[in-house]
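Colleague: What follows is the file entry13.txt, containing compact mmCIF, C-alpha atoms:
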# COMPACT_ATOMS: atom_id res chain seq x y z
CA MET R 79 -15.34 22.75 -17.92
CA LEU R 80 -17.63 25.37 -16.41
CA THR R 81 -20.95 24.30 -14.95
CA LYS R 82 -24.34 25.83 -15.73
CA ARG R 83 -24.02 28.21 -12.78
CA GLY R 84 -20.62 29.32 -14.01
CA TRP R 85 -21.97 30.11 -17.47
CA ASP R 86 -25.00 31.83 -15.94
CA ALA R 87 -22.66 34.20 -14.13
CA ILE R 88 -20.50 34.82 -17.21
CA VAL R 89 -23.42 35.48 -19.58
CA SER R 90 -25.10 37.78 -17.07
CA ILE R 91 -22.01 39.82 -16.24
CA VAL R 92 -20.65 40.14 -19.80
CA SER R 93 -24.07 41.00 -21.23
CA ALA R 94 -24.55 43.68 -18.57
CA VAL R 95 -21.07 45.13 -19.22
CA ILE R 96 -21.70 45.26 -22.99
CA ALA R 97 -25.06 46.96 -22.46
CA ILE R 98 -23.65 49.56 -20.04
CA ALA R 99 -20.67 50.30 -22.27
CA LEU R 100 -22.97 50.55 -25.27
CA VAL R 101 -25.16 53.18 -23.58
CA PHE R 102 -22.56 55.28 -21.79
CA LEU R 103 -19.24 54.76 -23.57
CA PHE R 104 -19.88 53.73 -27.17
CA PRO R 105 -23.41 54.92 -28.00
CA PRO R 106 -24.71 54.33 -31.55
CA ALA R 107 -25.63 57.14 -33.91
CA ASN R 108 -29.21 57.44 -32.69
CA ALA R 109 -31.62 56.13 -30.08
CA ALA R 110 -33.22 53.66 -32.51
CA ARG R 111 -29.93 51.89 -33.07
CA THR R 112 -29.36 51.84 -29.31
CA ALA R 113 -32.72 50.19 -28.77
CA ILE R 114 -32.02 47.62 -31.52
CA ALA R 115 -28.59 46.82 -30.01
CA LEU R 116 -30.05 46.39 -26.54
CA ALA R 117 -32.80 44.18 -28.01
CA ALA R 118 -30.09 42.05 -29.65
CA ILE R 119 -28.41 41.60 -26.26
CA GLY R 120 -31.75 40.66 -24.72
CA LEU R 121 -32.42 38.15 -27.53
CA PHE R 122 -29.04 36.54 -26.99
CA VAL R 123 -29.57 36.25 -23.21
CA LEU R 124 -33.08 34.88 -23.73
CA GLY R 125 -31.78 32.30 -26.24
CA TYR R 126 -29.14 31.22 -23.77
CA ALA R 127 -31.59 30.92 -20.90
CA LEU R 128 -34.27 28.99 -22.83
CA ILE R 129 -32.14 26.91 -25.22
CA GLY R 130 -28.40 27.03 -24.68
CA ARG R 131 -28.32 26.57 -20.91
CA GLY R 132 -29.92 23.13 -21.14
CA ALA R 133 -27.11 21.96 -23.44
CA ILE R 134 -24.18 23.11 -21.30
CA GLU R 135 -23.91 19.72 -19.57
CA PRO R 136 -24.71 16.29 -20.99
CA PRO R 137 -27.05 14.75 -21.93
CA ARG R 138 -27.68 17.26 -24.72
CA ALA R 139 -30.81 17.21 -26.86
CA ALA R 140 -29.91 17.25 -30.57
CA TRP R 141 -32.19 20.21 -31.38
CA ARG R 142 -30.62 22.61 -28.89
CA TYR R 143 -27.39 23.20 -30.83
CA PRO R 144 -28.94 24.36 -34.13
CA ALA R 145 -31.64 26.29 -32.28
CA PHE R 146 -29.18 28.19 -30.11
CA LEU R 147 -26.81 28.76 -33.04
CA SER R 148 -29.65 30.36 -35.00
CA VAL R 149 -30.64 32.65 -32.15
CA ALA R 150 -27.01 33.61 -31.41
CA ALA R 151 -26.30 34.32 -35.09
CA VAL R 152 -29.40 36.52 -35.45
CA ALA R 153 -28.57 38.41 -32.24
CA ALA R 154 -24.93 38.94 -33.25
CA GLY R 155 -25.88 40.05 -36.77
CA ILE R 156 -28.57 42.47 -35.65
CA GLY R 157 -26.32 43.87 -32.93
CA ALA R 158 -23.36 44.36 -35.28
CA GLY R 159 -25.67 46.13 -37.74
CA ALA R 160 -26.99 48.46 -35.05
CA ALA R 161 -23.62 49.42 -33.51
CA PRO R 162 -20.00 48.46 -34.25
CA PHE R 163 -19.36 47.92 -30.53
CA MET R 164 -21.89 45.07 -30.57
CA ALA R 165 -19.23 42.91 -32.20
CA MET R 166 -18.22 42.30 -28.56
CA LEU R 167 -21.21 39.95 -28.35
CA GLN R 168 -19.00 37.46 -30.18
CA THR R 169 -17.01 36.98 -26.96
CA LEU R 170 -20.03 35.12 -25.61
CA ALA R 171 -21.31 33.55 -28.82
CA TYR R 172 -18.12 31.77 -29.89
CA PRO R 173 -17.30 29.89 -26.61
CA LEU R 174 -20.94 28.90 -26.11
CA VAL R 175 -21.10 27.48 -29.65
CA TRP R 176 -18.00 25.36 -28.94
CA VAL R 177 -19.32 24.17 -25.57
CA ILE R 178 -22.83 23.33 -26.77
CA GLY R 179 -21.61 21.86 -30.06
CA ASP R 180 -19.25 19.51 -28.13
CA SER R 181 -17.13 18.65 -31.20
CA ARG R 182 -14.51 20.27 -33.40
CA ARG R 183 -16.66 20.09 -36.49
CA ARG R 184 -19.65 21.77 -34.86
CA GLY R 185 -17.44 24.32 -33.15
CA ILE R 186 -15.74 25.40 -36.38
CA GLY R 187 -19.02 25.38 -38.32
CA GLY R 188 -20.85 27.34 -35.65
CA SER R 189 -18.03 29.90 -35.45
CA ALA R 190 -18.22 30.39 -39.21
CA VAL R 191 -21.98 30.99 -38.96
CA ILE R 192 -21.51 33.60 -36.21
CA ALA R 193 -18.71 35.32 -38.15
CA GLY R 194 -20.83 35.38 -41.31
CA SER R 195 -23.75 36.85 -39.43
CA VAL R 196 -21.57 39.62 -38.00
CA PHE R 197 -20.19 40.36 -41.47
CA VAL R 198 -23.65 40.58 -43.01
CA GLY R 199 -25.01 42.67 -40.14
CA ALA R 200 -22.11 45.12 -40.17
CA SER R 201 -22.19 45.43 -43.97
CA PHE R 202 -25.92 46.14 -44.25
CA GLY R 203 -26.11 48.19 -41.04
CA TYR R 204 -23.87 50.95 -42.38
CA GLY R 205 -24.60 50.70 -46.08
CA LEU R 206 -23.24 48.45 -48.76
CA ASN R 207 -20.05 50.35 -49.52
CA LEU R 208 -16.42 49.42 -49.70
CA ASP R 209 -15.60 50.73 -46.24
CA SER R 210 -18.41 48.86 -44.49
CA LEU R 211 -17.68 45.66 -46.40
CA LEU R 212 -13.97 45.92 -45.60
CA ALA R 213 -14.66 46.64 -41.91
CA GLY R 214 -17.15 43.80 -41.64
CA ALA R 215 -14.86 41.35 -43.41
CA THR R 216 -11.89 42.31 -41.26
CA THR R 217 -13.89 41.90 -38.08
CA ALA R 218 -15.36 38.57 -39.16
CA VAL R 219 -12.05 37.08 -40.38
CA PHE R 220 -10.03 38.04 -37.32
CA SER R 221 -12.73 37.00 -34.89
CA LEU R 222 -13.31 33.69 -36.70
CA SER R 223 -9.57 32.90 -36.78
CA PHE R 224 -9.20 33.73 -33.12
CA ALA R 225 -12.31 31.73 -32.18
CA ILE R 226 -11.17 28.65 -34.10
CA ALA R 227 -7.66 28.80 -32.67
CA ILE R 228 -8.89 29.21 -29.09
CA GLY R 229 -11.59 26.58 -29.60
CA LEU R 230 -9.15 23.99 -30.93
CA TRP R 231 -6.73 24.73 -28.08
CA ILE R 232 -9.43 24.40 -25.42
CA ALA R 233 -10.76 21.23 -27.08
CA ARG R 234 -7.26 19.74 -26.98
CA ILE R 235 -6.97 20.62 -23.28
CA ALA R 236 -10.34 19.02 -22.61
CA GLU R 237 -9.33 15.86 -24.47
CA TYR R 238 -6.05 15.78 -22.56
CA GLY R 239 -7.99 16.08 -19.28
CA GLU R 240 -10.31 13.25 -20.32
CA GLU R 241 -7.33 11.10 -21.27
CA ARG R 242 -5.69 11.79 -17.92
CA GLU R 243 -8.94 10.91 -16.17
CA ARG R 244 -9.10 7.62 -18.10
CA LEU R 245 -5.48 6.81 -17.30
CA LEU R 246 -6.07 7.68 -13.66
CA ALA R 247 -9.02 5.30 -13.56
CA GLU R 248 -6.91 2.55 -15.13
CA LEU R 249 -4.08 3.25 -12.69
CA THR R 250 -6.48 3.11 -9.75
CA ALA R 251 -7.84 -0.22 -10.99
CA ALA R 252 -4.28 -1.55 -11.42
CA GLN R 253 -3.34 -0.41 -7.92
CA THR R 254 -6.40 -2.15 -6.54
CA GLN R 255 -5.38 -5.33 -8.32
CA VAL R 256 -1.82 -5.03 -7.02
CA GLU R 257 -3.11 -4.53 -3.48
CA ALA R 258 -5.28 -7.63 -3.82
CA LEU R 259 -2.32 -9.67 -5.11
CA SER R 260 -0.14 -8.29 -2.33
CA ARG R 261 -2.69 -9.29 0.30
CA GLU R 262 -2.91 -12.74 -1.24
CA ARG R 263 0.87 -13.07 -1.28
CA GLY R 264 1.06 -11.86 2.32
CA ALA R 265 -1.58 -14.38 3.37
CA SER R 266 0.37 -17.15 1.62
CA ALA R 267 3.61 -16.10 3.34
CA GLU R 268 1.82 -16.00 6.69
CA ARG R 269 0.48 -19.52 6.13
CA GLU R 270 3.99 -20.74 5.35
CA ARG R 271 5.35 -19.04 8.47
CA LEU R 272 2.66 -20.59 10.65
CA ALA R 273 3.40 -23.99 9.15
CA ARG R 274 7.11 -23.62 10.01
CA ASP R 275 6.31 -22.46 13.53
CA ILE R 276 3.90 -25.33 14.12
CA HIS R 277 6.49 -27.79 12.83
CA ASP R 278 9.19 -26.34 15.08
CA THR R 279 7.03 -26.28 18.22
CA LEU R 280 3.82 -28.28 18.41
CA ALA R 281 4.87 -31.00 15.99
CA GLN R 282 8.07 -31.71 17.89
CA THR R 283 6.33 -31.72 21.25
CA LEU R 284 3.58 -34.02 19.99
CA ALA R 285 6.19 -36.37 18.57
CA GLY R 286 7.77 -36.44 22.02
CA LEU R 287 4.37 -37.26 23.52
CA VAL R 288 4.03 -40.26 21.20
CA ILE R 289 7.44 -41.54 22.22
CA PHE R 290 6.72 -41.14 25.94
CA ALA R 291 3.29 -42.76 25.55
CA GLU R 292 4.86 -45.76 23.81
CA ARG R 293 7.49 -45.97 26.56
CA ALA R 294 4.81 -45.86 29.26
CA GLY R 295 2.89 -48.63 27.48
CA ARG R 296 5.95 -50.89 27.35
CA GLN R 297 6.78 -50.24 30.98
CA SER R 298 3.19 -50.99 32.00
CA ARG R 299 3.15 -54.25 30.07
CA ASP R 300 6.49 -55.26 31.62
CA GLY R 301 5.15 -54.60 35.11
CA GLN R 302 7.37 -51.56 35.73
CA THR R 303 4.63 -49.61 37.45
CA ASP R 304 6.86 -47.02 39.09
CA ALA R 305 8.71 -46.28 35.86
CA ALA R 306 5.41 -46.17 33.97
CA ALA R 307 3.97 -43.70 36.51
CA THR R 308 7.06 -41.50 36.11
CA THR R 309 6.71 -41.61 32.34
CA ILE R 310 3.01 -40.78 32.55
CA ALA R 311 3.89 -37.77 34.72
CA THR R 312 6.33 -36.70 32.01
CA VAL R 313 3.59 -37.15 29.41
CA GLU R 314 1.33 -34.87 31.45
CA ARG R 315 4.06 -32.27 31.76
CA VAL R 316 4.87 -32.36 28.05
CA ALA R 317 1.15 -32.12 27.21
CA ARG R 318 0.92 -28.99 29.34
CA ASP R 319 3.92 -27.68 27.46
CA ALA R 320 2.11 -28.35 24.18
CA LEU R 321 -0.88 -26.41 25.46
CA ALA R 322 1.39 -23.52 26.42
CA GLU R 323 2.96 -23.65 22.96
CA ALA R 324 -0.44 -23.51 21.30
CA ARG R 325 -1.48 -20.51 23.40
CA ALA R 326 1.82 -18.75 22.71
CA LEU R 327 1.44 -19.47 18.99
CA VAL R 328 -1.97 -17.80 19.03
CA ALA R 329 -0.62 -14.88 21.05
CA ARG R 330 2.24 -14.46 18.61
CA THR R 331 -0.16 -13.71 15.77
CA ALA R 332 -1.94 -10.99 17.74
CA ALA R 333 -1.52 -7.43 16.58
CA VAL R 334 -0.49 -6.19 20.05
CA PRO R 335 3.17 -6.88 20.85
CA ARG R 336 3.94 -8.71 24.05
CA GLU R 337 7.59 -8.02 24.82
CA PRO R 338 7.92 -10.00 28.06
CA ALA R 339 7.18 -13.27 26.23
CA PHE R 340 10.73 -13.67 24.89
CA GLY R 341 12.43 -13.49 28.28
CA ALA R 342 9.83 -15.83 29.76
CA ALA R 343 10.37 -18.28 26.90
CA VAL R 344 14.13 -18.33 27.48
CA GLU R 345 13.73 -18.87 31.22
CA ARG R 346 11.12 -21.60 30.73
CA LEU R 347 13.31 -23.40 28.21
CA ILE R 348 16.32 -23.29 30.52
CA ASP R 349 14.22 -24.49 33.47
CA ARG R 350 13.20 -27.59 31.53
CA PHE R 351 16.77 -28.44 30.65
CA ARG R 352 17.76 -27.86 34.26
CA GLU R 353 15.10 -30.33 35.33
CA HIS R 354 16.13 -33.08 32.95
CA GLY R 355 19.88 -32.48 32.62
CA ALA R 356 22.79 -32.91 35.01
CA ALA R 357 24.51 -29.63 34.14
CA ARG R 358 23.95 -26.43 36.08
CA ILE R 359 22.70 -23.75 33.70
CA ALA R 360 23.24 -20.07 34.48
CA LEU R 361 21.36 -17.38 32.58
CA ASP R 362 22.77 -13.90 32.06
CA THR R 363 20.35 -11.31 30.65
CA ALA R 364 21.97 -8.19 32.02
CA GLY R 365 22.82 -7.05 28.48
CA VAL R 366 19.18 -6.94 27.30
CA ARG R 367 18.46 -3.25 26.69
CA GLY R 368 16.13 -3.32 23.66
CA ASP R 369 13.35 -5.37 22.10
CA LEU R 370 13.70 -8.12 19.51
CA ASP R 371 11.51 -8.48 16.46
CA ARG R 372 9.60 -11.72 16.02
CA GLU R 373 11.94 -13.39 13.49
CA ALA R 374 15.02 -12.72 15.62
CA GLN R 375 13.32 -14.23 18.67
CA VAL R 376 12.47 -17.37 16.71
CA VAL R 377 16.07 -17.75 15.55
CA LEU R 378 17.55 -17.28 19.04
CA LEU R 379 15.09 -19.62 20.74
CA ARG R 380 15.60 -22.39 18.19
CA CYS R 381 19.38 -22.08 18.41
CA LEU R 382 19.27 -22.09 22.22
CA GLN R 383 17.00 -25.14 22.23
CA GLU R 384 19.29 -27.04 19.85
CA ALA R 385 22.44 -26.02 21.70
CA LEU R 386 21.11 -27.07 25.13
CA SER R 387 19.82 -30.34 23.71
CA ASN R 388 23.25 -31.05 22.24
CA VAL R 389 25.03 -30.18 25.49
CA THR R 390 22.69 -32.50 27.38
CA LYS R 391 23.31 -35.41 25.01
CA HIS R 392 27.00 -35.09 24.15
CA ALA R 393 28.98 -32.61 26.23
CA GLY R 394 28.95 -34.19 29.68
CA ALA R 395 29.23 -30.67 31.06
CA ALA R 396 28.87 -29.71 34.72
CA LYS R 397 28.17 -26.04 34.07
CA VAL R 398 26.58 -24.16 31.17
CA THR R 399 26.39 -20.40 30.86
CA VAL R 400 23.78 -18.79 28.61
CA ARG R 401 24.21 -15.11 27.81
CA VAL R 402 21.66 -13.06 25.91
CA GLU R 403 22.33 -9.48 24.81
CA VAL R 404 19.92 -7.20 22.95
CA ALA R 405 21.04 -3.71 21.94
CA ALA R 406 18.70 -0.74 21.82
CA ASP R 407 18.49 -0.99 18.02
CA GLY R 408 17.53 -4.68 18.15
CA ALA R 409 20.93 -6.24 17.41
CA ALA R 410 21.25 -9.45 19.45
CA VAL R 411 23.90 -11.90 20.67
CA LEU R 412 23.33 -15.40 22.04
CA GLU R 413 26.24 -17.20 23.66
CA VAL R 414 26.12 -20.73 25.08
CA ARG R 415 29.32 -21.78 26.88
CA ASP R 416 29.92 -25.15 28.57
CA ASP R 417 32.82 -26.85 30.39
CA GLY R 418 32.23 -30.25 28.78
CA ARG R 419 34.48 -32.54 26.86
CA GLY R 420 34.65 -30.35 23.77
CA PHE R 421 35.38 -31.54 20.27
CA ASP R 422 37.50 -30.83 17.21
CA VAL R 423 35.69 -28.16 15.20
CA SER R 424 37.78 -28.95 12.11
CA ARG R 425 36.44 -32.51 11.98
CA PRO R 426 33.24 -32.87 9.93
CA GLY R 427 30.32 -33.91 12.10
CA SER R 428 27.79 -36.59 11.34
CA GLY R 429 24.72 -34.77 12.67
CA PHE R 430 22.62 -31.90 11.40
CA GLY R 431 22.33 -29.60 14.42
CA LEU R 432 25.20 -27.27 13.66
CA ASP R 433 24.36 -27.05 9.97
CA GLY R 434 20.70 -26.41 10.75
CA MET R 435 21.53 -23.60 13.17
CA ARG R 436 24.04 -22.12 10.73
CA GLU R 437 21.47 -22.06 7.92
CA ARG R 438 18.77 -20.56 10.14
CA VAL R 439 21.10 -17.78 11.30
CA ALA R 440 22.32 -17.12 7.74
CA LEU R 441 18.72 -16.69 6.54
CA ALA R 442 18.26 -14.05 9.24
CA GLY R 443 21.38 -12.22 8.02
CA GLY R 444 23.37 -13.07 11.15
CA ALA R 445 26.68 -14.73 12.00
CA PHE R 446 27.15 -18.18 13.56
CA ASP R 447 30.34 -19.35 15.24
CA VAL R 448 31.44 -22.39 17.26
CA ALA R 449 34.72 -22.47 19.18
CA SER R 450 35.88 -25.63 20.95
CA VAL R 451 38.98 -27.47 22.06
CA PRO R 452 38.80 -31.15 23.04
CA GLY R 453 38.69 -31.41 26.82
CA GLU R 454 38.11 -27.69 27.37
CA GLY R 455 34.44 -27.21 26.56
CA ALA R 456 32.81 -25.28 23.75
CA THR R 457 31.29 -21.88 23.02
CA LEU R 458 28.48 -21.30 20.54
CA THR R 459 27.80 -17.70 19.47
CA VAL R 460 24.94 -16.32 17.39
CA ARG R 461 24.93 -12.68 16.29
CA LEU R 462 21.92 -11.07 14.65
CA PRO R 463 21.89 -7.62 13.02
CA ALA R 464 19.71 -4.71 14.10
CA ALA R 465 16.04 -5.05 13.24
CA SER R 466 14.61 -3.11 10.31
CA GLY R 467 11.96 -0.45 10.93
CA ASP R 468 9.18 -2.60 9.44
CA ALA R 469 9.91 -5.43 11.84
CA GLN R 470 9.49 -3.38 14.96
CA GLY R 471 6.29 -3.84 16.90
CA GLU R 472 5.48 -7.32 15.62
CA ALA R 473 4.20 -9.97 17.93
CA VAL R 474 6.71 -12.12 19.73
CA PRO R 475 7.23 -15.83 19.11
CA ALA R 476 5.92 -18.71 21.07
CA ALA R 477 8.07 -20.15 23.77
CA PRO R 478 9.49 -23.57 22.88
CA ALA R 479 8.17 -26.02 25.39
CA THR R 480 10.18 -29.11 24.61
CA THR R 481 11.75 -30.70 27.67
CA GLY R 482 15.28 -31.97 27.77
CA ASP R 483 14.34 -35.60 27.07
CA ALA R 484 11.70 -34.58 24.57
CA ALA R 485 14.23 -32.40 22.75
CA ALA R 486 16.56 -35.37 22.45
CA ASP R 487 13.85 -37.75 21.30
CA ALA R 488 11.38 -35.57 19.42
CA MET R 489 13.62 -33.31 17.32
CA PRO R 490 16.62 -34.00 15.07
CA THR R 491 19.85 -33.37 16.98
CA MET R 492 23.41 -33.23 15.78
CA GLY R 493 25.78 -36.10 16.28
CA GLU R 494 28.52 -33.95 17.72
CA HIS R 495 28.84 -31.44 20.53
CA PRO R 496 28.62 -27.79 19.46
Any chance you could give the structure as structure tokens?
Modeller:
Amino acid sequence: MLTKRGWDAIVSIVSAVIAIALVFLFPPANAARTAIALAAIGLFVLGYALIGRGAIEPPRAAWRYPAFLSVAAVAAGIGAGAAPFMAMLQTLAYPLVWVIGDSRRRGIGGSAVIAGSVFVGASFGYGLNLDSLLAGATTAVFSLSFAIAIGLWIARIAEYGEERERLLAELTAAQTQVEALSRERGASAERERLARDIHDTLAQTLAGLVIFAERAGRQSRDGQTDAAATTIATVERVARDALAEARALVARTAAVPREPAFGAAVERLIDRFREHGAARIALDTAGVRGDLDREAQVVLLRCLQEALSNVTKHAGAAKVTVRVEVAADGAAVLEVRDDGRGFDVSRPGSGFGLDGMRERVALAGGAFDVASVPGEGATLTVRLPAASGDAQGEAVPAAPATTGDAAADAMPTMGEHP
């Protein structure tokens, strides 16, 4: 809908064009009629400026519509009586009546009043004869029909626009609600993820601390001072590991990715198993060419921790080779190979380590495989698919800090060798 300034421009320009055309192109029969026609234009413009303009935009005073309709009808009737060309004044009167009336009923009624005024003015202006009555009636009927048709069409468009505006407001409110629910769901998922991470890292390490503390207490009570001192040193080392885990857990939730943390976590984990296990562990990271997303790092680190813990407890291996490959698109491979005693992969195991790793890898969409022959060692392989675009750039996981003994005592391990 046009604003007041828009209507100001339209009324001014159209009124000026009608006046100029009336004087130079379609002059009335005499100067008196010309003066009356120009006065009718002036009356219409004055009525618009003093009455109609204030009702263009809401709020609208109730008196303005009938007052402006009266002035517009008088101006249109007088103008049509002074000169036939003054019927052009209807091009301003009809749309303004619909806009100021602001309803179908008022628009149709106001249009009928304007059309009747033009008919009366044209009929009396040129004498009450059949020709003038027929000309006035024809002009009034056609103009009224056209005004009503256009008015109803514009009113329907305006109602459609208002309906769209209402629906847009409802849609915006619904989107806001969906965003709020999405944020709430995301926060809930993040809490669950943090709970799993704390259980897999800090909780296990703290459980190991309790076991070592109890062992140190027993050794102290039994007078085994050297053994107790060694255990206390282990407690201190595991406590430092717990502190490192806590810091890494905090760093993992940061918005800025820290790519080097994964490689450092793998090396630190292997160093701990080297310290507490008899097997020599070799690490091969030459195939790392890309970056891992956070979930993939968690899966690989947990599988590596479980595999090394199992080798330490059950394999009796002299040498273990750990190979990590990361493709440019984020696809990853973890391989843990040992020369231990091996086992029969077709025989059901009594532990939970293999099943736990298999489930974790399956949830990540990867593949888990164990190959072993009794007396010839074993090979565990984890393959993870390429990372999705949304996963790129996330923070990296905390480095597991469980030592070899702590891994055996503080976390569930499988009863067979992988």
Colleague: Neighbourhood query: residues within 12 Å of (-25.4, 40.3, -28.6), file coordinates, counting all atoms listed in the file; return as a ChimeraX atom specification.
Modeller: /R:89-90,92-97,100,114-126,149-172,192,195-196,199
Colleague: Quick one: distance from CA of Ala145 (chain R) to CA of Ala127 (chain R) in Å, one decimal?
Modeller: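 Taking CA of Ala145 (chain R) as the start and CA of Ala127 (chain R) as the end point, the length is 12.3 Å.
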Colleague: May I have the residues within 8 Å of Leu386 (chain R) as a list in words, using all atoms listed in the file and disregarding those fewer than 4 positions away in the same chain?
Modeller: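 The contact residues come out as Phe351, Leu382 and Thr390 of chain R.
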Colleague: Using all atoms listed in the file, which residues sit within 8 Å of region 218-224 of chain R once same-chain residues fewer than 3 positions away are excluded, as a VMD selection string?
Modeller: chain R and resid 168 189 to 190 193 to 194 196 to 197 214 to 215 227 to 228
Colleague: Skip region 446-460 of chain R itself and residues of its chain fewer than 3 positions away, then list as a VMD selection string all residues within 12 Å of it, counting only C-alpha atoms.
Modeller: chain R and resid 374 to 375 377 to 382 384 to 386 388 to 389 392 to 404 409 to 425 431 to 443 463 494 to 496
Colleague: Find, counting all atoms listed in the file, the residue in R:Leu361, R:Val288, R:Ile232, R:Leu208 that gets nearest to Ile348 (chain R).
Modeller: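 Among R:Leu361, R:Val288, R:Ile232, R:Leu208, it is R:Leu361 that comes nearest to Ile348 (chain R).
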Colleague: Find the residues around region 130-138 of chain R up to 9 Å (only C-alpha atoms counted), leave out those fewer than 2 positions away in its own chain, and share them as a ChimeraX atom specification.
Modeller: /R:80-82,85-86,125-128,140-143,145-147,174-175,177-179
Colleague: Suppose we keep C-alpha atoms; can you now write the selection as a PDB file, in the coordinates of the input?
Modeller:
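New file again_13.pdb:
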ATOM      1  CA  LEU R  80     -17.630  25.370 -16.410  1.00  0.00           C
ATOM      2  CA  THR R  81     -20.950  24.300 -14.950  1.00  0.00           C
ATOM      3  CA  LYS R  82     -24.340  25.830 -15.730  1.00  0.00           C
ATOM      4  CA  TRP R  85     -21.970  30.110 -17.470  1.00  0.00           C
ATOM      5  CA  ASP R  86     -25.000  31.830 -15.940  1.00  0.00           C
ATOM      6  CA  GLY R 125     -31.780  32.300 -26.240  1.00  0.00           C
ATOM      7  CA  TYR R 126     -29.140  31.220 -23.770  1.00  0.00           C
ATOM      8  CA  ALA R 127     -31.590  30.920 -20.900  1.00  0.00           C
ATOM      9  CA  LEU R 128     -34.270  28.990 -22.830  1.00  0.00           C
ATOM     10  CA  ALA R 140     -29.910  17.250 -30.570  1.00  0.00           C
ATOM     11  CA  TRP R 141     -32.190  20.210 -31.380  1.00  0.00           C
ATOM     12  CA  ARG R 142     -30.620  22.610 -28.890  1.00  0.00           C
ATOM     13  CA  TYR R 143     -27.390  23.200 -30.830  1.00  0.00           C
ATOM     14  CA  ALA R 145     -31.640  26.290 -32.280  1.00  0.00           C
ATOM     15  CA  PHE R 146     -29.180  28.190 -30.110  1.00  0.00           C
ATOM     16  CA  LEU R 147     -26.810  28.760 -33.040  1.00  0.00           C
ATOM     17  CA  LEU R 174     -20.940  28.900 -26.110  1.00  0.00           C
ATOM     18  CA  VAL R 175     -21.100  27.480 -29.650  1.00  0.00           C
ATOM     19  CA  VAL R 177     -19.320  24.170 -25.570  1.00  0.00           C
ATOM     20  CA  ILE R 178     -22.830  23.330 -26.770  1.00  0.00           C
ATOM     21  CA  GLY R 179     -21.610  21.860 -30.060  1.00  0.00           C
TER      22      GLY R 179
END
Colleague: So how far away is CA of Thr308 (chain R) from CA of Arg296 (chain R), in Å?
Modeller: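 For CA of Arg296 (chain R) relative to CA of Thr308 (chain R), the distance reads 12.9 Å.
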Colleague: One decimal, in Å: what's the spacing between CA of Phe290 (chain R) and CA of Glu314 (chain R)?
Modeller: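 These atoms are spaced 9.9 Å apart.
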